[in-house]
Structures are given as structure tokens and as C-alpha cells.
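For reference, input00.txt is printed below; it contains compact mmCIF, C-alpha atoms.
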```txt
# COMPACT_ATOMS: atom_id res chain seq x y z
CA MET I 1 -44.77 28.46 -7.08
CA LYS I 2 -41.13 27.70 -7.81
CA PHE I 3 -41.16 25.10 -5.05
CA LEU I 4 -44.62 23.69 -5.66
CA LYS I 5 -43.45 21.37 -8.43
CA PHE I 6 -40.79 19.93 -6.14
CA LEU I 7 -43.36 19.43 -3.40
CA LEU I 8 -45.55 17.53 -5.85
CA VAL I 9 -42.61 15.38 -7.04
CA GLY I 10 -41.88 14.58 -3.39
CA ILE I 11 -45.50 13.66 -2.65
CA PHE I 12 -45.58 11.39 -5.69
CA PHE I 13 -42.25 9.82 -4.67
CA GLY I 14 -43.59 9.13 -1.17
CA ILE I 15 -46.76 7.52 -2.48
CA VAL I 16 -44.91 5.35 -5.03
CA LEU I 17 -42.40 4.07 -2.48
CA VAL I 18 -45.07 3.19 0.06
CA LYS I 19 -47.35 1.52 -2.50
CA SER I 20 -44.43 -0.45 -3.95
CA GLU I 21 -43.47 -1.52 -0.40
CA ALA I 22 -39.89 -0.46 -1.15
CA VAL I 23 -39.94 1.41 2.18
CA SER I 24 -40.53 -1.84 4.04
CA TRP I 25 -37.76 -3.42 6.12
CA TYR I 26 -39.19 -6.82 5.14
CA ARG I 27 -38.76 -6.16 1.41
CA ILE I 28 -35.11 -5.20 1.90
CA PHE I 29 -34.48 -8.37 3.94
CA GLU I 30 -36.23 -10.44 1.28
CA MET I 31 -34.13 -8.80 -1.45
CA PHE I 32 -30.80 -9.52 0.27
CA LYS I 33 -31.99 -13.10 0.82
CA PHE I 34 -32.78 -13.42 -2.91
CA GLN I 35 -36.21 -14.76 -1.97
CA SER I 36 -38.32 -12.58 -4.23
CA PHE I 37 -38.00 -10.80 -7.55
CA HIS I 38 -40.01 -7.80 -6.28
CA MET I 39 -37.19 -5.35 -5.41
CA TYR I 40 -35.05 -6.46 -8.35
CA GLY I 41 -38.03 -5.85 -10.61
CA ILE I 42 -38.45 -2.33 -9.21
CA ILE I 43 -34.76 -1.38 -9.45
CA GLY I 44 -34.35 -3.15 -12.80
CA THR I 45 -37.29 -1.44 -14.51
CA ALA I 46 -36.37 1.91 -12.92
CA VAL I 47 -32.82 1.71 -14.28
CA GLY I 48 -33.88 0.28 -17.65
CA LEU I 49 -36.42 3.00 -18.26
CA GLY I 50 -34.09 5.59 -16.69
CA ILE I 51 -31.43 4.76 -19.30
CA LEU I 52 -34.07 5.17 -22.01
CA PHE I 53 -35.29 8.54 -20.63
CA LEU I 54 -31.77 9.99 -20.43
CA TRP I 55 -30.97 8.62 -23.89
CA ILE I 56 -34.08 10.34 -25.30
CA PHE I 57 -33.10 13.60 -23.58
CA ARG I 58 -29.68 13.46 -25.24
CA LYS I 59 -30.82 12.14 -28.59
CA PHE I 60 -33.42 14.86 -29.08
CA LYS I 61 -31.30 17.50 -27.31
CA VAL I 62 -34.14 18.23 -24.90
CA LYS I 63 -33.70 21.44 -22.93
CA ASN I 64 -34.61 21.55 -19.25
CA ILE I 65 -37.13 24.10 -17.94
CA GLU I 66 -34.29 26.58 -17.39
CA GLY I 67 -33.69 26.38 -21.14
CA GLU I 68 -30.31 24.68 -20.70
CA LYS I 69 -28.98 21.47 -22.16
CA ILE I 70 -29.94 18.47 -20.03
CA LYS I 71 -27.01 17.13 -18.08
CA VAL I 72 -26.49 14.67 -15.27
CA PRO I 73 -23.35 15.52 -13.27
CA GLN I 74 -20.62 12.88 -13.58
CA LYS I 75 -19.32 11.39 -10.35
CA GLU I 76 -15.55 11.75 -9.96
CA LYS I 77 -13.49 8.80 -11.15
CA ARG I 78 -12.39 6.96 -8.03
CA PHE I 79 -12.64 3.43 -6.73
CA THR I 80 -11.88 3.25 -3.00
CA ARG I 81 -14.54 5.68 -1.80
CA TYR I 82 -17.29 3.96 -3.78
CA ILE I 83 -16.52 0.42 -2.72
CA LEU I 84 -15.80 1.26 0.95
CA GLY I 85 -18.52 3.86 1.34
CA GLY I 86 -20.94 1.66 -0.56
CA THR I 87 -20.23 -1.33 1.67
CA ILE I 88 -20.67 0.72 4.85
CA PHE I 89 -23.94 2.08 3.43
CA GLY I 90 -25.11 -1.43 2.55
CA LEU I 91 -24.50 -2.69 6.11
CA GLY I 92 -26.71 0.09 7.44
CA TRP I 93 -29.31 -0.26 4.68
CA ALA I 94 -29.90 -3.94 5.47
CA LEU I 95 -30.00 -3.36 9.24
CA ALA I 96 -32.29 -0.31 9.21
CA GLY I 97 -34.22 -1.63 6.22
CA ALA I 98 -34.31 1.93 4.94
CA CYS I 99 -32.10 4.19 2.85
CA PRO I 100 -32.28 8.01 3.04
CA GLY I 101 -35.41 8.49 0.86
CA PRO I 102 -37.55 5.92 2.66
CA MET I 103 -36.43 7.29 6.05
CA TYR I 104 -38.32 10.51 5.43
CA ILE I 105 -41.26 8.71 3.85
CA LEU I 106 -41.56 6.32 6.81
CA LEU I 107 -41.76 9.32 9.11
CA GLY I 108 -44.81 10.38 7.10
CA THR I 109 -46.39 6.95 7.49
CA GLY I 110 -46.37 7.55 11.23
CA ALA I 111 -43.33 5.47 12.20
CA SER I 112 -42.01 7.98 14.76
CA SER I 113 -39.11 5.77 15.85
CA ILE I 114 -37.49 6.25 12.43
CA LEU I 115 -36.45 9.64 13.86
CA ILE I 116 -33.72 7.78 15.78
CA VAL I 117 -32.39 6.38 12.50
CA ILE I 118 -32.56 9.82 10.84
CA ALA I 119 -30.76 11.45 13.78
CA ALA I 120 -28.07 8.75 13.67
CA ALA I 121 -27.74 9.20 9.89
CA LEU I 122 -27.20 12.94 10.42
CA LEU I 123 -24.52 12.09 12.99
CA GLY I 124 -22.91 9.67 10.52
CA THR I 125 -22.87 12.34 7.82
CA PHE I 126 -21.39 14.83 10.29
CA VAL I 127 -18.64 12.41 11.35
CA TYR I 128 -17.82 11.73 7.69
CA GLY I 129 -17.45 15.47 7.20
CA LEU I 130 -14.99 15.61 10.14
CA LEU I 131 -12.92 12.61 8.98
CA ARG I 132 -13.06 13.27 5.25
CA GLY I 133 -9.47 14.48 4.96
CA LYS I 134 -8.14 11.36 6.70
CA LEU I 135 -10.12 8.74 4.76
CA PRO I 136 -8.84 7.06 1.61
CA HIS I 137 -10.89 8.12 -1.39
CA MET Y 1 -59.55 2.58 -7.41
CA GLU Y 2 -59.25 -0.94 -6.07
CA ASN Y 3 -55.97 -1.34 -7.96
CA ILE Y 4 -54.62 1.83 -6.37
CA LEU Y 5 -55.52 0.69 -2.86
CA GLN Y 6 -53.76 -2.64 -3.27
CA PRO Y 7 -49.94 -2.87 -3.27
CA TRP Y 8 -48.49 -1.83 -6.61
CA PRO Y 9 -46.56 -4.46 -8.59
CA TRP Y 10 -42.91 -3.88 -9.44
CA TYR Y 11 -43.63 -3.25 -13.12
CA VAL Y 12 -45.72 -0.23 -12.15
CA SER Y 13 -43.51 1.12 -9.35
CA GLY Y 14 -40.15 0.79 -11.12
CA PRO Y 15 -41.14 2.83 -14.19
CA LEU Y 16 -42.72 5.49 -11.95
CA ILE Y 17 -39.42 5.85 -10.06
CA ALA Y 18 -37.64 6.29 -13.41
CA LEU Y 19 -40.21 8.98 -14.23
CA ILE Y 20 -39.45 10.82 -10.95
CA MET Y 21 -35.73 10.74 -11.78
CA ALA Y 22 -36.37 12.03 -15.32
CA VAL Y 23 -38.72 14.80 -14.14
CA LEU Y 24 -36.11 16.08 -11.65
CA VAL Y 25 -33.47 16.07 -14.40
CA PHE Y 26 -35.91 17.95 -16.63
CA PHE Y 27 -36.36 20.48 -13.81
CA GLY Y 28 -32.59 21.03 -13.92
CA LYS Y 29 -31.86 19.03 -10.75
CA THR Y 30 -30.82 15.47 -9.89
CA PHE Y 31 -32.47 12.74 -7.89
CA GLY Y 32 -30.41 12.31 -4.73
CA MET Y 33 -32.00 12.02 -1.33
CA SER Y 34 -28.91 11.61 0.86
CA SER Y 35 -27.60 15.09 -0.03
CA ASN Y 36 -30.32 16.40 2.28
CA LEU Y 37 -28.50 14.90 5.26
CA ARG Y 38 -25.49 17.06 4.46
CA THR Y 39 -27.74 20.08 3.95
CA LEU Y 40 -29.42 19.53 7.31
CA CYS Y 41 -25.99 19.25 8.99
CA SER Y 42 -25.04 22.53 7.34
CA ILE Y 43 -28.22 24.25 8.52
CA GLY Y 44 -27.48 22.94 12.01
CA GLY Y 45 -24.13 24.75 12.03
CA ALA Y 46 -21.79 21.88 11.12
CA GLY Y 47 -19.79 24.32 8.96
CA LYS Y 48 -18.11 25.50 12.17
CA TYR Y 49 -16.48 22.08 12.52
CA ALA Y 50 -15.74 20.97 8.95
CA ASP Y 51 -15.39 22.78 5.63
CA PHE Y 52 -17.40 19.97 4.03
CA PHE Y 53 -20.50 21.65 5.44
CA LYS Y 54 -19.56 25.18 4.39
CA PHE Y 55 -21.77 25.79 1.38
CA ASP Y 56 -24.84 27.83 0.61
CA TRP Y 57 -27.54 25.44 1.78
CA LYS Y 58 -30.20 27.71 0.30
CA THR Y 59 -29.30 26.31 -3.13
CA GLN Y 60 -30.62 22.98 -1.78
CA ARG Y 61 -34.03 24.26 -0.67
CA TRP Y 62 -35.63 22.56 -3.67
CA ASN Y 63 -34.38 19.18 -2.42
CA LEU Y 64 -35.61 19.83 1.13
CA THR Y 65 -38.97 20.59 -0.48
CA VAL Y 66 -38.87 17.15 -2.12
CA VAL Y 67 -38.24 15.69 1.35
CA LEU Y 68 -41.21 17.57 2.77
CA GLY Y 69 -43.31 16.24 -0.08
CA ALA Y 70 -42.06 12.70 0.51
CA ILE Y 71 -43.18 12.90 4.15
CA ILE Y 72 -46.61 14.14 3.06
CA GLY Y 73 -46.75 11.46 0.35
CA GLY Y 74 -45.99 8.74 2.89
CA CYS Y 75 -48.82 10.04 5.05
CA ILE Y 76 -51.29 10.20 2.13
CA ALA Y 77 -50.35 6.69 1.00
CA VAL Y 78 -51.11 5.02 4.33
CA GLN Y 79 -54.11 7.19 5.28
CA PHE Y 80 -56.00 7.24 1.99
CA LEU Y 81 -54.45 4.85 -0.51
CA SER Y 82 -54.04 1.61 1.41
CA ASP Y 83 -56.45 -1.20 2.19
CA GLY Y 84 -54.36 -2.53 5.06
CA SER Y 85 -53.62 -5.82 3.35
CA THR Y 86 -50.70 -7.95 4.55
CA MET Y 87 -47.61 -7.86 2.40
CA ASP Y 88 -47.22 -10.68 -0.08
CA LEU Y 89 -43.76 -11.69 1.11
CA SER Y 90 -42.19 -14.97 0.07
CA HIS Y 91 -42.83 -17.94 2.35
CA GLU Y 92 -39.10 -18.45 2.90
CA THR Y 93 -38.74 -14.86 4.11
CA ILE Y 94 -41.58 -15.32 6.60
CA ALA Y 95 -40.16 -18.65 7.78
CA ASP Y 96 -36.64 -17.19 8.19
CA LEU Y 97 -37.94 -14.26 10.21
CA ASN Y 98 -40.18 -16.46 12.34
CA ALA Y 99 -37.07 -18.49 13.15
CA TYR Y 100 -35.45 -15.25 14.41
CA GLY Y 101 -38.49 -14.76 16.63
CA PHE Y 102 -40.22 -12.09 14.51
CA GLN Y 103 -44.02 -12.09 14.89
CA ASN Y 104 -46.64 -10.62 12.53
CA VAL Y 105 -44.22 -10.58 9.59
CA GLY Y 106 -45.54 -8.35 6.80
CA LYS Y 107 -48.52 -6.99 8.72
CA SER Y 108 -46.91 -3.55 8.84
CA LEU Y 109 -44.13 -1.84 6.88
CA LEU Y 110 -41.63 -2.08 9.74
CA PRO Y 111 -41.11 -4.95 12.19
CA ALA Y 112 -42.22 -4.14 15.73
CA GLU Y 113 -39.18 -6.10 16.92
CA LEU Y 114 -36.96 -3.26 15.65
CA TYR Y 115 -39.17 -0.19 15.54
CA ASP Y 116 -41.65 -0.37 18.44
CA TRP Y 117 -40.70 2.12 21.15
CA GLY Y 118 -41.01 -0.65 23.74
CA ASN Y 119 -38.17 -2.58 22.10
CA ILE Y 120 -36.08 0.51 21.38
CA MET Y 121 -35.96 1.24 25.10
CA SER Y 122 -33.54 -1.66 25.58
CA LEU Y 123 -29.83 -1.09 25.03
CA LYS Y 124 -29.75 -3.60 22.19
CA GLY Y 125 -32.85 -2.19 20.51
CA LEU Y 126 -31.52 1.36 20.62
CA ALA Y 127 -28.04 0.30 19.51
CA ILE Y 128 -29.43 -1.43 16.41
CA LEU Y 129 -31.22 1.66 15.12
CA VAL Y 130 -28.41 4.07 16.03
CA ILE Y 131 -25.70 1.92 14.44
CA ALA Y 132 -27.84 1.30 11.36
CA GLY Y 133 -28.59 4.99 10.88
CA PHE Y 134 -24.97 5.97 11.49
CA LEU Y 135 -23.71 3.49 8.87
CA VAL Y 136 -26.23 4.76 6.32
CA GLY Y 137 -25.33 8.41 6.94
CA PHE Y 138 -21.56 7.85 7.00
CA GLY Y 139 -21.53 5.38 4.11
CA THR Y 140 -23.73 7.37 1.79
CA ARG Y 141 -21.59 10.50 2.03
CA TYR Y 142 -18.36 8.51 1.75
CA ALA Y 143 -19.75 6.82 -1.37
CA GLY Y 144 -21.10 10.15 -2.65
CA GLY Y 145 -24.70 9.00 -3.00
CA CYS Y 146 -27.35 6.51 -1.98
CA THR Y 147 -29.91 4.37 -3.72
CA SER Y 148 -31.49 7.32 -5.55
CA GLY Y 149 -28.23 9.02 -6.55
CA HIS Y 150 -26.16 5.95 -7.45
CA ALA Y 151 -28.50 3.01 -8.08
CA ILE Y 152 -31.21 4.93 -9.97
CA THR Y 153 -29.62 8.11 -11.37
CA GLY Y 154 -26.03 6.92 -11.69
CA LEU Y 155 -26.83 3.58 -13.31
CA SER Y 156 -29.38 5.26 -15.62
CA ASN Y 157 -26.55 7.56 -16.67
CA ILE Y 158 -24.27 4.52 -17.11
CA GLN Y 159 -21.52 5.75 -14.80
CA TRP Y 160 -18.85 3.35 -13.54
CA PRO Y 161 -18.54 5.02 -10.12
CA SER Y 162 -22.20 4.31 -9.45
CA LEU Y 163 -21.86 0.67 -10.46
CA ILE Y 164 -18.95 0.29 -8.03
CA ALA Y 165 -21.02 1.96 -5.29
CA VAL Y 166 -24.04 -0.27 -5.97
CA ILE Y 167 -21.80 -3.35 -5.82
CA GLY Y 168 -20.64 -2.00 -2.46
CA PHE Y 169 -24.27 -1.56 -1.33
CA PHE Y 170 -24.86 -5.23 -2.06
CA VAL Y 171 -21.61 -6.43 -0.49
CA GLY Y 172 -22.57 -4.61 2.72
CA GLY Y 173 -26.20 -5.72 2.59
CA LEU Y 174 -25.30 -9.36 2.01
CA ILE Y 175 -22.72 -9.36 4.83
CA MET Y 176 -25.30 -7.87 7.20
CA THR Y 177 -28.17 -10.15 6.19
CA HIS Y 178 -26.30 -13.44 5.86
CA LEU Y 179 -23.39 -13.16 8.31
CA LEU Y 180 -24.38 -10.64 10.97
CA PHE Y 181 -28.15 -11.15 11.33
CA PRO Y 182 -27.66 -14.70 12.72
CA LEU Y 183 -25.43 -13.14 15.41
CA ILE Y 184 -27.77 -10.20 16.14
CA PHE Y 185 -31.17 -11.94 16.22
```
Would you mind writing the file out in C-alpha cells?
Amino acid sequence: MKFLKFLLVGIFFGIVLVKSEAVSWYRIFEMFKFQSFHMYGIIGTAVGLGILFLWIFRKFKVKNIEGEKIKVPQKEKRFTRYILGGTIFGLGWALAGACPGPMYILLGTGASSILIVIAAALLGTFVYGLLRGKLPH
Amino acid sequence: MENILQPWPWYVSGPLIALIMAVLVFFGKTFGMSSNLRTLCSIGGAGKYADFFKFDWKTQRWNLTVVLGAIIGGCIAVQFLSDGSTMDLSHETIADLNAYGFQNVGKSLLPAELYDWGNIMSLKGLAILVIAGFLVGFGTRYAGGCTSGHAITGLSNIQWPSLIAVIGFFVGGLIMTHLLFPLIF
């Protein structure tokens, strides 16, 4: 039962991203070409409403289901890792047309060849883990 | 029902994604899909090679469950909640892709030119997907998050690091789409 709610969240996430076409390579291409408002509308409304949700949680001191104060972990204050890592991620995002969430969802839609992208992403994560100490953060 | 079967407009999808983020926060977790790549490396024994993968992956089972759900959700969406209509892409996008030699633009979620097994069996076809996946996996961990963790959760939480990362996402995406695509396709 503990995991059922997460399974349902995942199912809902998968459905929303397919129905919004955010898992489509074409939509990512179109976004980076600035040829449609579609993806900007999705990200914009998600962030706008997300800010409101988190503000409400804080304002009304909402407790999570564990009974603890709601908190979103802060990312450490750095610059280099975010701009370099982000740029590397962006190169791959535009080429694959998929970021980590959509990769799994696309597998569910029957696109078996996305497994190559997932396997390569696992390799990329592994190589980062090996080189982490040598990279500027 | 007809509205559900048709593609959902951005003003429906965006708020629903915010809801997913908020529900996970309410459940005491955070919305971050790329962490699962690290977890899967850890399960696969990567801890033997780098301390980065030495952690109790069982604490991440909830997130792997979200992944499992996402796969099922993707399946449900195409099997039962789609009417097979062509995507309503902009005319410029279609024209640009036709110029690159892409056929049937928007008829499926992924272009056959990149994702059909027949095309992947060439060195170039395979290299594109492997390099793309590698960059996503390497970049997301280096940046400490992906679209869900930085663009949705981080920006919703108004964190500077996430804004820097999202700017990076766009720098990389624009370089790939505008400078490298003309060389690749």
C-alpha cells in the first residue's frame, strides 16, 4: 500500500506527458526553434502554479503525510556545475528529444529503441560518478 | 471523453504537472526523475567503482515505483486515451524538418529517422542515440537534476541554482538545434 500512491502518481505523470506531447521529439525541436508556444505554456504554467502550491504549503504551514513540515531540499550554492552540467544536458535533451522522465514513459508507449538512450544515459551517469572528483563544480 | 482522447492543451497539462510536483512534496518526497539513473547504477553494482554510488538504494524504491508507473501510464495513454491524430506542430517546424529529409513529421511521437530500428542499425543512427543518451545522463548528474528536479521543482521553489541549470539546458539545446543539427542532418 505504501508504494501504491507512488505507482498512481507515476501512471498519472505518464498519461499527462503523453497527452501533452511533451514526450515528443518534435515538440522539443519546435521549442528550441521558438516556433510554438506549446512547451513554454506547459513549463510556464507548471512553474507558475508550482510556485503558488509551495507558497500555500509554507503560508498555511501544511504538514506532509509523515506529519512533518513541508520542505523542498535546497540545491547547494554553486555556479560551474549547474551551467556546465546544464549545457551538456541540454545538448543531449535536444538530440534525443527526451529527458529522463519521458525516456521511461516512451518505453511504455512501445518505443523499444529508447532503451538505447536509457542505457547510454545510465553509462553517462556512471562515468560522471567516476570523474566527479576531477570535474570543476 | 472526446476531449481526453485528443491532445491536451498546454493550459491543462502544465497545471497537472505542477500538481504532480506538489503531491510528491506532500508525500514527503521531491519530483526528480534523473535520480533514478543513479539508483539504477547503484543497484547494478556501480558502488564498487565510485563512492558516488555507495548509498542505500532502498530509500529510493518509492521513486523507482514512480518510474514503473510512468511506463504503465505511457502505455495506457497510447493504448486507451489517444485517437491517433497527427500532432498540431507549427508549419515552420514541419517545413524545417522536411528540409532535413524527415518524412511523416508529427504522425508519431518520435521520428522514424532517429528511432526506427532500421535506421539505428547504421553507425550514424546508433551514434546519435548513444551520444544523446550519454550527454543526458552525464549532464543531469553533473547539474544535479533534470527538467523535473530543476525546471519544475527548483524554479517552483525559486532557487538560483535551478535557474542557472535551466539556462544551461537552453544554452545546450539551442547550440544543438541551431548549430549542430545542420551538420548532423
Please provide the set of residues having any atom within 6 Å of Gly173 (chain Y), restricted to all atoms listed in the file, with same-chain residues fewer than 4 positions apart removed, written as a PyMOL selection string. chain I and resi 90-91+94
Figure out the distance between CA of Val127 (chain I) and CA of Gly85 (chain I), please, to one decimal in Å. 13.2 Å
Skip Leu110 (chain Y) itself and residues of its chain fewer than 5 positions away, then list as a ChimeraX atom specification all residues within 9 Å of it, counting all atoms listed in the file. /I:23-26,97,106,111 /Y:105,115-116
Quick one: pull the distance between CA of Ser13 (chain Y) and CA of Glu113 (chain Y), Å, one decimal. 27.6 Å
Record the distance separating CA of Ser20 (chain I) and CA of Pro9 (chain Y), expressed in Å with one decimal. 6.5 Å
So which one's closest to chain Y, I:Pro102, I:Phe89, I:Glu76, I:Lys33? Using all atoms listed in the file, please.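 The shortest atom-to-atom distance to chain Y comes from I:Phe89.
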Ranking Y:Gly133, Y:Gly28, Y:Gly84, Y:Gly168 by minimum distance to Lys71 (chain I) and counting all atoms listed in the file, which one comes first?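 Checking each of Y:Gly133, Y:Gly28, Y:Gly84, Y:Gly168 against Lys71 (chain I), counting all atoms listed in the file, the winner is Y:Gly28.
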May I ask which of the residues Y:Met33, Y:Leu81, Y:Ile128, Y:Ile167 is the closest one to Glu2 (chain Y), counting all atoms listed in the file?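 Closest residue, counting all atoms listed in the file: Y:Leu81.
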Extract, using all atoms listed in the file, all DNA, RNA and protein residues at most 12 Å from region 57-62 of chain I, discarding same-chain residues fewer than 3 positions from it, and format them as a VMD selection string. (chain I and resid 50 to 54 65 to 72) or (chain Y and resid 22 to 23 25 to 28 157)
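For the residues I:Pro73, I:Gly41, I:Gly86, I:Gly48, ranking by smallest atom-to-atom distance to His137 (chain I) using all atoms listed in the file places I:Gly86 first.
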Residues within 7 Å of region 141-149 of chain Y, only C-alpha atoms, excluding chain neighbours under 4 positions, as number ranges by chain: I: 81-82, 85-86, 99, 125, 128; Y: 31-34, 137, 153-154, 165
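Minimum distance to Phe32 (chain I) across I:Ile116, I:Leu49, I:Gly101, I:Leu95 (counting all atoms listed in the file) occurs at I:Leu95.
Of the residues listed (I:Ile88, I:Leu122, I:Trp93, I:Val47), I:Trp93 shows the shortest atom-to-atom separation from Met31 (chain I); distances use all atoms listed in the file.
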Counting all atoms listed in the file, select every polymer residue within 12 Å of (-34.0, 16.9, -4.3) as defined in the file's coordinates, and provide the selection as a ChimeraX atom specification. /I:3,5-10,13,100-101 /Y:20-21,23-25,27-37,39,59-70,148-149
Neighbour list for Phe102 (chain Y) as a PDB file with C-alpha atoms, keeping the file's coordinate frame, cut-off 10 Å, all atoms listed in the file, skip fewer than 3 positions in-chain:
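Dumped everything to part.pdb:
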```pdb
ATOM      1  CA  ILE Y  94     -41.580 -15.320   6.600  1.00  0.00           C
ATOM      2  CA  ALA Y  95     -40.160 -18.650   7.780  1.00  0.00           C
ATOM      3  CA  ASP Y  96     -36.640 -17.190   8.190  1.00  0.00           C
ATOM      4  CA  LEU Y  97     -37.940 -14.260  10.210  1.00  0.00           C
ATOM      5  CA  ASN Y  98     -40.180 -16.460  12.340  1.00  0.00           C
ATOM      6  CA  ALA Y  99     -37.070 -18.490  13.150  1.00  0.00           C
ATOM      7  CA  VAL Y 105     -44.220 -10.580   9.590  1.00  0.00           C
ATOM      8  CA  PRO Y 111     -41.110  -4.950  12.190  1.00  0.00           C
ATOM      9  CA  ALA Y 112     -42.220  -4.140  15.730  1.00  0.00           C
ATOM     10  CA  GLU Y 113     -39.180  -6.100  16.920  1.00  0.00           C
ATOM     11  CA  LEU Y 114     -36.960  -3.260  15.650  1.00  0.00           C
ATOM     12  CA  PHE Y 185     -31.170 -11.940  16.220  1.00  0.00           C
TER      13      PHE Y 185
END
```
